[in-house]
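Structure file my_file_19.cif (mmCIF, C-alpha atoms and all ligand atoms) follows.
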data_structure
#
loop_
_atom_site.label_atom_id
_atom_site.label_comp_id
_atom_site.auth_asym_id
_atom_site.auth_seq_id
_atom_site.Cartn_x
_atom_site.Cartn_y
_atom_site.Cartn_z
CA MET Q 39 -30.22 -50.58 42.67
CA VAL Q 40 -31.70 -48.77 39.70
CA SER Q 41 -28.54 -46.99 38.62
CA ASP Q 42 -26.27 -50.04 38.66
CA LYS Q 43 -24.71 -50.91 35.33
CA LEU Q 44 -23.39 -54.34 34.45
CA LYS Q 45 -20.59 -54.55 31.90
CA PHE Q 46 -19.35 -57.63 30.06
CA VAL Q 47 -16.78 -58.03 27.32
CA THR Q 48 -17.02 -61.23 25.27
CA LYS Q 49 -14.44 -62.57 22.84
CA SER Q 50 -16.57 -65.07 20.92
CA VAL Q 51 -20.17 -65.95 20.06
CA GLU Q 52 -20.03 -68.79 22.60
CA GLU Q 53 -19.02 -66.35 25.34
CA THR Q 54 -21.94 -64.11 24.38
CA TYR Q 55 -24.36 -67.08 24.58
CA LYS Q 56 -23.04 -67.98 28.04
CA MET Q 57 -23.18 -64.40 29.32
CA ALA Q 58 -26.74 -63.88 28.01
CA LYS Q 59 -27.94 -67.13 29.54
CA GLU Q 60 -26.15 -67.02 32.87
CA LYS Q 61 -25.77 -63.34 33.71
CA ILE Q 62 -28.65 -61.45 32.07
CA ALA Q 63 -31.63 -63.79 31.55
CA PRO Q 64 -31.96 -64.61 35.29
CA LEU Q 65 -32.42 -60.90 36.06
CA LEU Q 66 -35.65 -60.52 34.07
CA LYS Q 67 -39.17 -61.55 34.99
CA LYS Q 68 -42.52 -61.83 33.23
CA GLY Q 69 -43.75 -58.48 31.98
CA ASP Q 70 -40.28 -56.98 31.59
CA ILE Q 71 -38.85 -55.48 28.43
CA LEU Q 72 -35.23 -55.62 27.31
CA ILE Q 73 -34.22 -53.15 24.64
CA LEU Q 74 -31.28 -54.31 22.52
CA ASN Q 75 -29.34 -51.37 21.19
CA GLY Q 76 -26.33 -51.57 18.91
CA ASP Q 77 -25.24 -51.20 15.30
CA LEU Q 78 -26.07 -53.66 12.52
CA GLY Q 79 -24.22 -56.90 13.17
CA SER Q 80 -23.23 -55.95 16.72
CA GLY Q 81 -24.85 -59.05 18.18
CA LYS Q 82 -28.47 -58.36 19.17
CA THR Q 83 -29.84 -61.55 17.60
CA THR Q 84 -26.84 -63.58 18.73
CA PHE Q 85 -27.41 -62.39 22.31
CA THR Q 86 -31.07 -63.46 22.01
CA ARG Q 87 -30.01 -67.04 21.18
CA GLY Q 88 -28.16 -67.34 24.48
CA PHE Q 89 -30.90 -65.53 26.37
CA VAL Q 90 -33.72 -67.91 25.37
CA GLU Q 91 -31.74 -70.98 26.44
CA TYR Q 92 -32.23 -69.99 30.06
CA PHE Q 93 -35.98 -70.44 29.51
CA ASN Q 94 -35.55 -73.88 27.92
CA ILE Q 95 -36.07 -72.60 24.41
CA ASN Q 96 -33.97 -74.07 21.61
CA PRO Q 97 -31.64 -71.30 20.39
CA ASP Q 98 -32.00 -72.67 16.84
CA TYR Q 99 -35.57 -71.30 16.83
CA VAL Q 100 -34.23 -67.76 17.09
CA SER Q 101 -34.07 -65.86 13.83
CA SER Q 102 -33.93 -62.19 13.01
CA PRO Q 103 -37.37 -60.53 13.28
CA THR Q 104 -36.38 -57.79 10.83
CA PHE Q 105 -39.08 -58.84 8.35
CA THR Q 106 -41.49 -60.76 10.58
CA LEU Q 107 -41.41 -57.84 13.08
CA ILE Q 108 -42.14 -60.26 15.91
CA ASN Q 109 -41.08 -63.84 16.64
CA VAL Q 110 -42.61 -65.84 19.49
CA TYR Q 111 -40.63 -68.52 21.33
CA ASN Q 112 -42.47 -70.72 23.83
CA GLY Q 113 -40.53 -71.70 26.92
CA THR Q 114 -41.60 -73.95 29.77
CA GLU Q 115 -42.39 -71.13 32.21
CA LEU Q 116 -42.88 -68.19 29.91
CA VAL Q 117 -42.86 -66.87 26.37
CA VAL Q 118 -40.04 -64.82 24.90
CA TYR Q 119 -41.15 -62.26 22.32
CA HIS Q 120 -38.45 -61.11 19.94
CA VAL Q 121 -39.32 -57.86 18.24
CA ASP Q 122 -37.47 -55.65 15.76
CA PHE Q 123 -38.31 -51.98 15.33
CA TYR Q 124 -35.71 -51.43 12.60
CA ARG Q 125 -38.27 -51.17 9.81
CA ILE Q 126 -40.99 -49.48 11.86
CA LEU Q 127 -41.09 -45.84 10.85
CA GLU Q 128 -43.80 -44.72 13.19
CA GLY Q 129 -45.81 -46.49 15.81
CA ASN Q 130 -49.53 -45.85 16.28
CA ASP Q 131 -51.70 -46.57 19.31
CA VAL Q 132 -53.04 -49.84 17.91
CA PHE Q 133 -49.52 -51.07 17.27
CA PHE Q 134 -48.33 -50.37 20.79
CA ASP Q 135 -51.59 -51.58 22.36
CA GLU Q 136 -51.26 -54.95 20.67
CA LEU Q 137 -47.58 -55.21 21.36
CA MET Q 138 -47.99 -54.50 25.01
CA GLU Q 139 -51.04 -56.72 25.52
CA MET Q 140 -48.76 -59.73 25.32
CA GLN Q 141 -46.51 -58.53 28.09
CA ASP Q 142 -48.01 -60.42 31.00
CA LYS Q 143 -47.25 -63.77 29.35
CA GLY Q 144 -43.56 -63.25 28.95
CA ILE Q 145 -40.44 -61.25 28.43
CA THR Q 146 -40.01 -59.05 25.37
CA LEU Q 147 -36.68 -58.32 23.69
CA ILE Q 148 -36.81 -55.39 21.25
CA GLU Q 149 -34.03 -54.81 18.72
CA TRP Q 150 -33.76 -51.07 17.93
CA GLY Q 151 -36.27 -50.46 20.73
CA LYS Q 152 -34.69 -47.15 21.68
CA LYS Q 153 -36.48 -45.57 18.70
CA PHE Q 154 -39.77 -45.70 20.60
CA ILE Q 155 -38.62 -45.73 24.17
CA GLN Q 156 -41.18 -43.12 25.19
CA GLU Q 157 -44.07 -45.15 23.81
CA ILE Q 158 -42.73 -48.31 25.40
CA GLU Q 159 -42.53 -46.55 28.75
CA GLU Q 160 -46.09 -45.35 28.36
CA TYR Q 161 -47.55 -48.76 27.56
CA VAL Q 162 -45.48 -51.17 29.61
CA GLU Q 163 -46.17 -52.13 33.18
CA GLY Q 164 -43.08 -54.20 33.84
CA ASP Q 165 -39.54 -52.94 34.20
CA ILE Q 166 -37.60 -51.71 31.19
CA TYR Q 167 -33.93 -52.60 30.76
CA ILE Q 168 -31.47 -51.51 28.10
CA LEU Q 169 -28.57 -53.52 26.73
CA GLU Q 170 -26.06 -51.47 24.74
CA ILE Q 171 -23.82 -53.51 22.46
CA LYS Q 172 -20.54 -52.19 21.06
CA ARG Q 173 -18.33 -53.88 18.51
CA LEU Q 174 -14.75 -53.69 19.80
CA GLY Q 175 -13.23 -55.92 17.13
CA GLU Q 176 -13.91 -58.82 14.76
CA SER Q 177 -15.05 -61.10 17.59
CA GLU Q 178 -15.00 -58.82 20.60
CA ARG Q 179 -18.16 -57.17 21.91
CA GLU Q 180 -18.93 -54.99 24.91
CA PHE Q 181 -22.34 -55.32 26.59
CA THR Q 182 -23.65 -52.75 29.05
CA PHE Q 183 -26.85 -53.68 30.88
CA GLU Q 184 -28.87 -51.22 32.90
CA LYS Q 185 -32.35 -50.64 34.23
CA TYR Q 186 -34.13 -47.81 32.45
CA THR Q 187 -37.22 -47.40 34.60
CA ASP Q 188 -38.83 -48.82 37.64
CA ASN Q 189 -42.49 -49.12 36.75
N1 LIG K 1 -18.41 -61.88 20.72
C1 LIG K 1 -19.42 -61.90 19.83
N2 LIG K 1 -20.70 -61.80 20.25
C2 LIG K 1 -21.72 -61.80 19.38
N3 LIG K 1 -21.59 -61.86 18.03
C3 LIG K 1 -20.33 -61.96 17.54
C4 LIG K 1 -19.20 -61.99 18.42
N4 LIG K 1 -18.08 -62.07 17.66
C5 LIG K 1 -18.47 -62.12 16.39
N5 LIG K 1 -19.83 -62.05 16.29
C6 LIG K 1 -20.57 -62.05 15.02
O1 LIG K 1 -21.26 -60.81 14.90
C7 LIG K 1 -22.48 -61.02 14.18
C8 LIG K 1 -23.65 -60.53 15.01
O2 LIG K 1 -24.79 -60.61 14.21
P1 LIG K 1 -26.28 -60.44 14.78
O3 LIG K 1 -27.20 -60.87 13.71
O4 LIG K 1 -26.38 -61.07 16.11
O5 LIG K 1 -26.32 -58.85 14.96
P2 LIG K 1 -27.56 -57.88 15.11
O6 LIG K 1 -27.11 -56.84 16.07
O7 LIG K 1 -28.77 -58.66 15.47
O8 LIG K 1 -27.69 -57.26 13.65
P3 LIG K 1 -28.97 -56.57 12.92
O9 LIG K 1 -29.01 -55.16 13.37
O10 LIG K 1 -28.62 -56.69 11.47
O11 LIG K 1 -30.20 -57.35 13.30
C9 LIG K 1 -22.58 -62.50 13.88
O12 LIG K 1 -22.11 -62.73 12.58
C10 LIG K 1 -21.64 -63.13 14.91
O13 LIG K 1 -21.07 -64.33 14.46
MG MG K 2 -30.72 -58.79 14.58
#
With the file now loaded, output its structure as structure tokens.
Amino acid sequence: MVSDKLKFVTKSVEETYKMAKEKIAPLLKKGDILILNGDLGSGKTTFTRGFVEYFNINPDYVSSPTFTLINVYNGTELVVYHVDFYRILEGNDVFFDELMEMQDKGITLIEWGKKFIQEIEEYVEGDIYILEIKRLGESEREFTFEKYTDN
């Protein structure tokens, strides 16, 4: 159901890895986008480490794409693209065209993706999901997962 929200509270990095790998990653398929939304240091990159493990990608390969803008992790069945829009001030057509051309080969996680949600919606053919991350305490995080559109 499109409107269903999934909520998880984790109390450690290890719990976040496990949740990302076991509860969220199995819900996405090739061509889908997952927007990671949450303050600096909330856990977007940490979540990604757990997420990629489900696709047989070594979590040690995951690093913050803040300066590279996009990191590519090759799994056995598909590719996980890890994008960061934090430093992108404005997106042009070429930017979104290129970004979205890769979609059919894998799943794309976009940190700060909410900034350009309209453009993403316009260019993407797969489903778009949003994960909101809230810092509840030093090592406690709340994750809310929901489908944004049904393309
Ligand atoms: N339960 C938890 N889940 C995830 N991270 C946690 C948790 N508890 C503590 N942390 C810590 O929170 C920090 C999360 O950092 P991370 O780089 O994943 O955030 P980010 O949202 O990607 O930040 P940025 O916006 O700077 O890219 C790490 O230092 C991690 O150890
Ligand atoms: Mg990050």
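Between CA of Asp135 in chain Q and CA of Leu107 in chain Q lies a distance of 15.1 Å.
CA of Asp122 in chain Q lies 10.1 Å from atom O8 of ligand LIG 1 (chain K).
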Exercise. What do you get as number ranges by chain if you pick all residues at most 6 Å from ligand MG 2 (chain K), counting all atoms listed in the file?
Worked result: Q: 82-83, 102
Writing out the chosen residues with C-alpha atoms as a JSON list (two decimals), in the coordinates of the input:
[["chain", "number", "residue", "atom", "x", "y", "z"],
["Q", 82, "LYS", "CA", -28.47, -58.36, 19.17],
["Q", 83, "THR", "CA", -29.84, -61.55, 17.60],
["Q", 102, "SER", "CA", -33.93, -62.19, 13.01]]
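Going from CA of Phe134 in chain Q to CA of Lys61 in chain Q covers 29.1 Å.
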Exercise. What do you get as number ranges by chain if you pick all residues at most 10 Å from ligand LIG 1 (chain K), counting only C-alpha atoms and all ligand atoms?
Worked result: Q: 47-55, 57, 74-88, 101-104, 122-124, 149-150, 171-181
For this session: Mind checking which residues fall within 10 Å of Gly164 in chain Q, counting all atoms listed in the file, ignoring those fewer than 6 positions away in the same chain, and posting them as a count of residues only?
Result: 12
Problem set entry | Among listed residues Q:His120, Q:Ile166, Q:Glu115, Q:Ile148, nearest Tyr99 in chain Q (using only C-alpha atoms) | Q:His120
Fewer than 4 positions away in the same chain doesn't count, so skip those; otherwise give me all residues within 9 Å of Leu116 in chain Q, counting all atoms listed in the file, as an mmCIF file with C-alpha atoms, in the coordinates of the input.
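Saved file out.cif follows:
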data_model
loop_
_atom_site.group_PDB
_atom_site.id
_atom_site.type_symbol
_atom_site.label_atom_id
_atom_site.label_comp_id
_atom_site.auth_asym_id
_atom_site.auth_seq_id
_atom_site.Cartn_x
_atom_site.Cartn_y
_atom_site.Cartn_z
ATOM 1 C CA LYS Q 68 -42.520 -61.830 33.230
ATOM 2 C CA PHE Q 93 -35.980 -70.440 29.510
ATOM 3 C CA TYR Q 111 -40.630 -68.520 21.330
ATOM 4 C CA ASN Q 112 -42.470 -70.720 23.830
ATOM 5 C CA LYS Q 143 -47.250 -63.770 29.350
ATOM 6 C CA GLY Q 144 -43.560 -63.250 28.950
ATOM 7 C CA ILE Q 145 -40.440 -61.250 28.430
#
Exercise. Using all atoms listed in the file, which of the listed residues (Q:Asn94, Q:Thr146, Q:Gln156, Q:Asn130) sits closest to Ile108 in chain Q?
Worked result: Q:Thr146
For this session: Write out as a list of chain:residue names the residues lying within 12 Å of Tyr186 in chain Q, counting all atoms listed in the file and excluding same-chain residues fewer than 3 positions away.
Result: Q:Met39, Q:Val40, Q:Ser41, Q:Asp42, Q:Lys43, Q:Asp70, Q:Ile71, Q:Leu72, Q:Ile73, Q:Lys152, Q:Ile155, Q:Gln156, Q:Ile158, Q:Glu159, Q:Gly164, Q:Asp165, Q:Ile166, Q:Tyr167, Q:Ile168, Q:Leu169, Q:Glu170, Q:Phe183, Q:Asn189
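The smallest atom-to-atom distance between Tyr119 in chain Q and any of Q:Tyr161, Q:Phe89, Q:Phe154, Q:Phe105, using all atoms listed in the file, is found for Q:Phe89.
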N, CA and C atoms restored at range 73-108 of chain Q, emitted as a PDB file, in the coordinates of the input:
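Saved file out24.pdb follows:
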ATOM      1  N   ILE Q  73     -34.529 -53.814  25.903  1.00  0.00           N
ATOM      2  CA  ILE Q  73     -34.220 -53.150  24.640  1.00  0.00           C
ATOM      3  C   ILE Q  73     -32.788 -53.493  24.252  1.00  0.00           C
ATOM      4  N   LEU Q  74     -32.613 -53.955  23.003  1.00  0.00           N
ATOM      5  CA  LEU Q  74     -31.280 -54.310  22.520  1.00  0.00           C
ATOM      6  C   LEU Q  74     -30.824 -53.212  21.575  1.00  0.00           C
ATOM      7  N   ASN Q  75     -29.799 -52.506  21.978  1.00  0.00           N
ATOM      8  CA  ASN Q  75     -29.340 -51.370  21.190  1.00  0.00           C
ATOM      9  C   ASN Q  75     -27.904 -51.546  20.721  1.00  0.00           C
ATOM     10  N   GLY Q  76     -27.684 -51.404  19.441  1.00  0.00           N
ATOM     11  CA  GLY Q  76     -26.330 -51.570  18.910  1.00  0.00           C
ATOM     12  C   GLY Q  76     -26.393 -51.595  17.392  1.00  0.00           C
ATOM     13  N   ASP Q  77     -25.286 -51.274  16.762  1.00  0.00           N
ATOM     14  CA  ASP Q  77     -25.240 -51.200  15.300  1.00  0.00           C
ATOM     15  C   ASP Q  77     -25.599 -52.525  14.638  1.00  0.00           C
ATOM     16  N   LEU Q  78     -25.845 -52.461  13.335  1.00  0.00           N
ATOM     17  CA  LEU Q  78     -26.070 -53.660  12.520  1.00  0.00           C
ATOM     18  C   LEU Q  78     -24.924 -54.628  12.741  1.00  0.00           C
ATOM     19  N   GLY Q  79     -25.251 -55.885  13.014  1.00  0.00           N
ATOM     20  CA  GLY Q  79     -24.220 -56.900  13.170  1.00  0.00           C
ATOM     21  C   GLY Q  79     -23.449 -56.823  14.490  1.00  0.00           C
ATOM     22  N   SER Q  80     -23.951 -56.044  15.439  1.00  0.00           N
ATOM     23  CA  SER Q  80     -23.230 -55.950  16.720  1.00  0.00           C
ATOM     24  C   SER Q  80     -23.450 -57.205  17.561  1.00  0.00           C
ATOM     25  N   GLY Q  81     -24.632 -57.814  17.432  1.00  0.00           N
ATOM     26  CA  GLY Q  81     -24.850 -59.050  18.180  1.00  0.00           C
ATOM     27  C   GLY Q  81     -26.191 -59.153  18.909  1.00  0.00           C
ATOM     28  N   LYS Q  82     -27.166 -58.363  18.500  1.00  0.00           N
ATOM     29  CA  LYS Q  82     -28.470 -58.360  19.170  1.00  0.00           C
ATOM     30  C   LYS Q  82     -29.169 -59.725  19.036  1.00  0.00           C
ATOM     31  N   THR Q  83     -29.185 -60.253  17.818  1.00  0.00           N
ATOM     32  CA  THR Q  83     -29.840 -61.550  17.600  1.00  0.00           C
ATOM     33  C   THR Q  83     -29.023 -62.679  18.215  1.00  0.00           C
ATOM     34  N   THR Q  84     -27.724 -62.577  18.125  1.00  0.00           N
ATOM     35  CA  THR Q  84     -26.840 -63.580  18.730  1.00  0.00           C
ATOM     36  C   THR Q  84     -27.067 -63.636  20.248  1.00  0.00           C
ATOM     37  N   PHE Q  85     -27.130 -62.483  20.876  1.00  0.00           N
ATOM     38  CA  PHE Q  85     -27.410 -62.390  22.310  1.00  0.00           C
ATOM     39  C   PHE Q  85     -28.727 -63.105  22.632  1.00  0.00           C
ATOM     40  N   THR Q  86     -29.733 -62.882  21.792  1.00  0.00           N
ATOM     41  CA  THR Q  86     -31.070 -63.460  22.010  1.00  0.00           C
ATOM     42  C   THR Q  86     -31.014 -64.986  22.042  1.00  0.00           C
ATOM     43  N   ARG Q  87     -30.144 -65.580  21.208  1.00  0.00           N
ATOM     44  CA  ARG Q  87     -30.010 -67.040  21.180  1.00  0.00           C
ATOM     45  C   ARG Q  87     -29.574 -67.569  22.550  1.00  0.00           C
ATOM     46  N   GLY Q  88     -28.621 -66.903  23.161  1.00  0.00           N
ATOM     47  CA  GLY Q  88     -28.160 -67.340  24.480  1.00  0.00           C
ATOM     48  C   GLY Q  88     -29.231 -67.084  25.530  1.00  0.00           C
ATOM     49  N   PHE Q  89     -29.882 -65.955  25.412  1.00  0.00           N
ATOM     50  CA  PHE Q  89     -30.900 -65.530  26.370  1.00  0.00           C
ATOM     51  C   PHE Q  89     -32.039 -66.555  26.483  1.00  0.00           C
ATOM     52  N   VAL Q  90     -32.550 -67.014  25.346  1.00  0.00           N
ATOM     53  CA  VAL Q  90     -33.720 -67.910  25.370  1.00  0.00           C
ATOM     54  C   VAL Q  90     -33.392 -69.283  25.967  1.00  0.00           C
ATOM     55  N   GLU Q  91     -32.139 -69.674  25.894  1.00  0.00           N
ATOM     56  CA  GLU Q  91     -31.740 -70.980  26.440  1.00  0.00           C
ATOM     57  C   GLU Q  91     -32.053 -71.098  27.915  1.00  0.00           C
ATOM     58  N   TYR Q  92     -31.936 -69.994  28.619  1.00  0.00           N
ATOM     59  CA  TYR Q  92     -32.230 -69.990  30.060  1.00  0.00           C
ATOM     60  C   TYR Q  92     -33.675 -70.400  30.327  1.00  0.00           C
ATOM     61  N   PHE Q  93     -34.557 -70.131  29.355  1.00  0.00           N
ATOM     62  CA  PHE Q  93     -35.980 -70.440  29.510  1.00  0.00           C
ATOM     63  C   PHE Q  93     -36.357 -71.745  28.804  1.00  0.00           C
ATOM     64  N   ASN Q  94     -35.352 -72.578  28.567  1.00  0.00           N
ATOM     65  CA  ASN Q  94     -35.550 -73.880  27.920  1.00  0.00           C
ATOM     66  C   ASN Q  94     -36.122 -73.774  26.516  1.00  0.00           C
ATOM     67  N   ILE Q  95     -35.684 -72.772  25.810  1.00  0.00           N
ATOM     68  CA  ILE Q  95     -36.070 -72.600  24.410  1.00  0.00           C
ATOM     69  C   ILE Q  95     -34.847 -72.940  23.563  1.00  0.00           C
ATOM     70  N   ASN Q  96     -35.063 -73.707  22.503  1.00  0.00           N
ATOM     71  CA  ASN Q  96     -33.970 -74.070  21.610  1.00  0.00           C
ATOM     72  C   ASN Q  96     -33.463 -72.835  20.858  1.00  0.00           C
ATOM     73  N   PRO Q  97     -32.165 -72.500  21.030  1.00  0.00           N
ATOM     74  CA  PRO Q  97     -31.640 -71.300  20.390  1.00  0.00           C
ATOM     75  C   PRO Q  97     -31.730 -71.342  18.855  1.00  0.00           C
ATOM     76  N   ASP Q  98     -31.863 -72.562  18.300  1.00  0.00           N
ATOM     77  CA  ASP Q  98     -32.000 -72.670  16.840  1.00  0.00           C
ATOM     78  C   ASP Q  98     -33.314 -72.066  16.333  1.00  0.00           C
ATOM     79  N   TYR Q  99     -34.291 -71.899  17.221  1.00  0.00           N
ATOM     80  CA  TYR Q  99     -35.570 -71.300  16.830  1.00  0.00           C
ATOM     81  C   TYR Q  99     -35.454 -69.792  16.620  1.00  0.00           C
ATOM     82  N   VAL Q 100     -34.378 -69.219  17.158  1.00  0.00           N
ATOM     83  CA  VAL Q 100     -34.230 -67.760  17.090  1.00  0.00           C
ATOM     84  C   VAL Q 100     -33.742 -67.331  15.710  1.00  0.00           C
ATOM     85  N   SER Q 101     -34.517 -66.442  15.099  1.00  0.00           N
ATOM     86  CA  SER Q 101     -34.070 -65.860  13.830  1.00  0.00           C
ATOM     87  C   SER Q 101     -34.331 -64.365  13.909  1.00  0.00           C
ATOM     88  N   SER Q 102     -33.779 -63.635  12.975  1.00  0.00           N
ATOM     89  CA  SER Q 102     -33.930 -62.190  13.010  1.00  0.00           C
ATOM     90  C   SER Q 102     -35.374 -61.784  12.696  1.00  0.00           C
ATOM     91  N   PRO Q 103     -35.990 -60.960  13.537  1.00  0.00           N
ATOM     92  CA  PRO Q 103     -37.370 -60.530  13.280  1.00  0.00           C
ATOM     93  C   PRO Q 103     -37.455 -59.296  12.382  1.00  0.00           C
ATOM     94  N   THR Q 104     -36.394 -59.011  11.657  1.00  0.00           N
ATOM     95  CA  THR Q 104     -36.380 -57.790  10.830  1.00  0.00           C
ATOM     96  C   THR Q 104     -37.587 -57.729   9.894  1.00  0.00           C
ATOM     97  N   PHE Q 105     -37.950 -58.856   9.290  1.00  0.00           N
ATOM     98  CA  PHE Q 105     -39.080 -58.840   8.350  1.00  0.00           C
ATOM     99  C   PHE Q 105     -40.375 -59.368   8.937  1.00  0.00           C
ATOM    100  N   THR Q 106     -40.279 -60.248   9.943  1.00  0.00           N
ATOM    101  CA  THR Q 106     -41.490 -60.760  10.580  1.00  0.00           C
ATOM    102  C   THR Q 106     -42.011 -59.758  11.619  1.00  0.00           C
ATOM    103  N   LEU Q 107     -41.159 -58.843  12.034  1.00  0.00           N
ATOM    104  CA  LEU Q 107     -41.410 -57.840  13.080  1.00  0.00           C
ATOM    105  C   LEU Q 107     -41.489 -58.439  14.478  1.00  0.00           C
ATOM    106  N   ILE Q 108     -42.130 -59.622  14.600  1.00  0.00           N
ATOM    107  CA  ILE Q 108     -42.140 -60.260  15.910  1.00  0.00           C
ATOM    108  C   ILE Q 108     -42.064 -61.776  15.783  1.00  0.00           C
TER     109      ILE Q 108
END
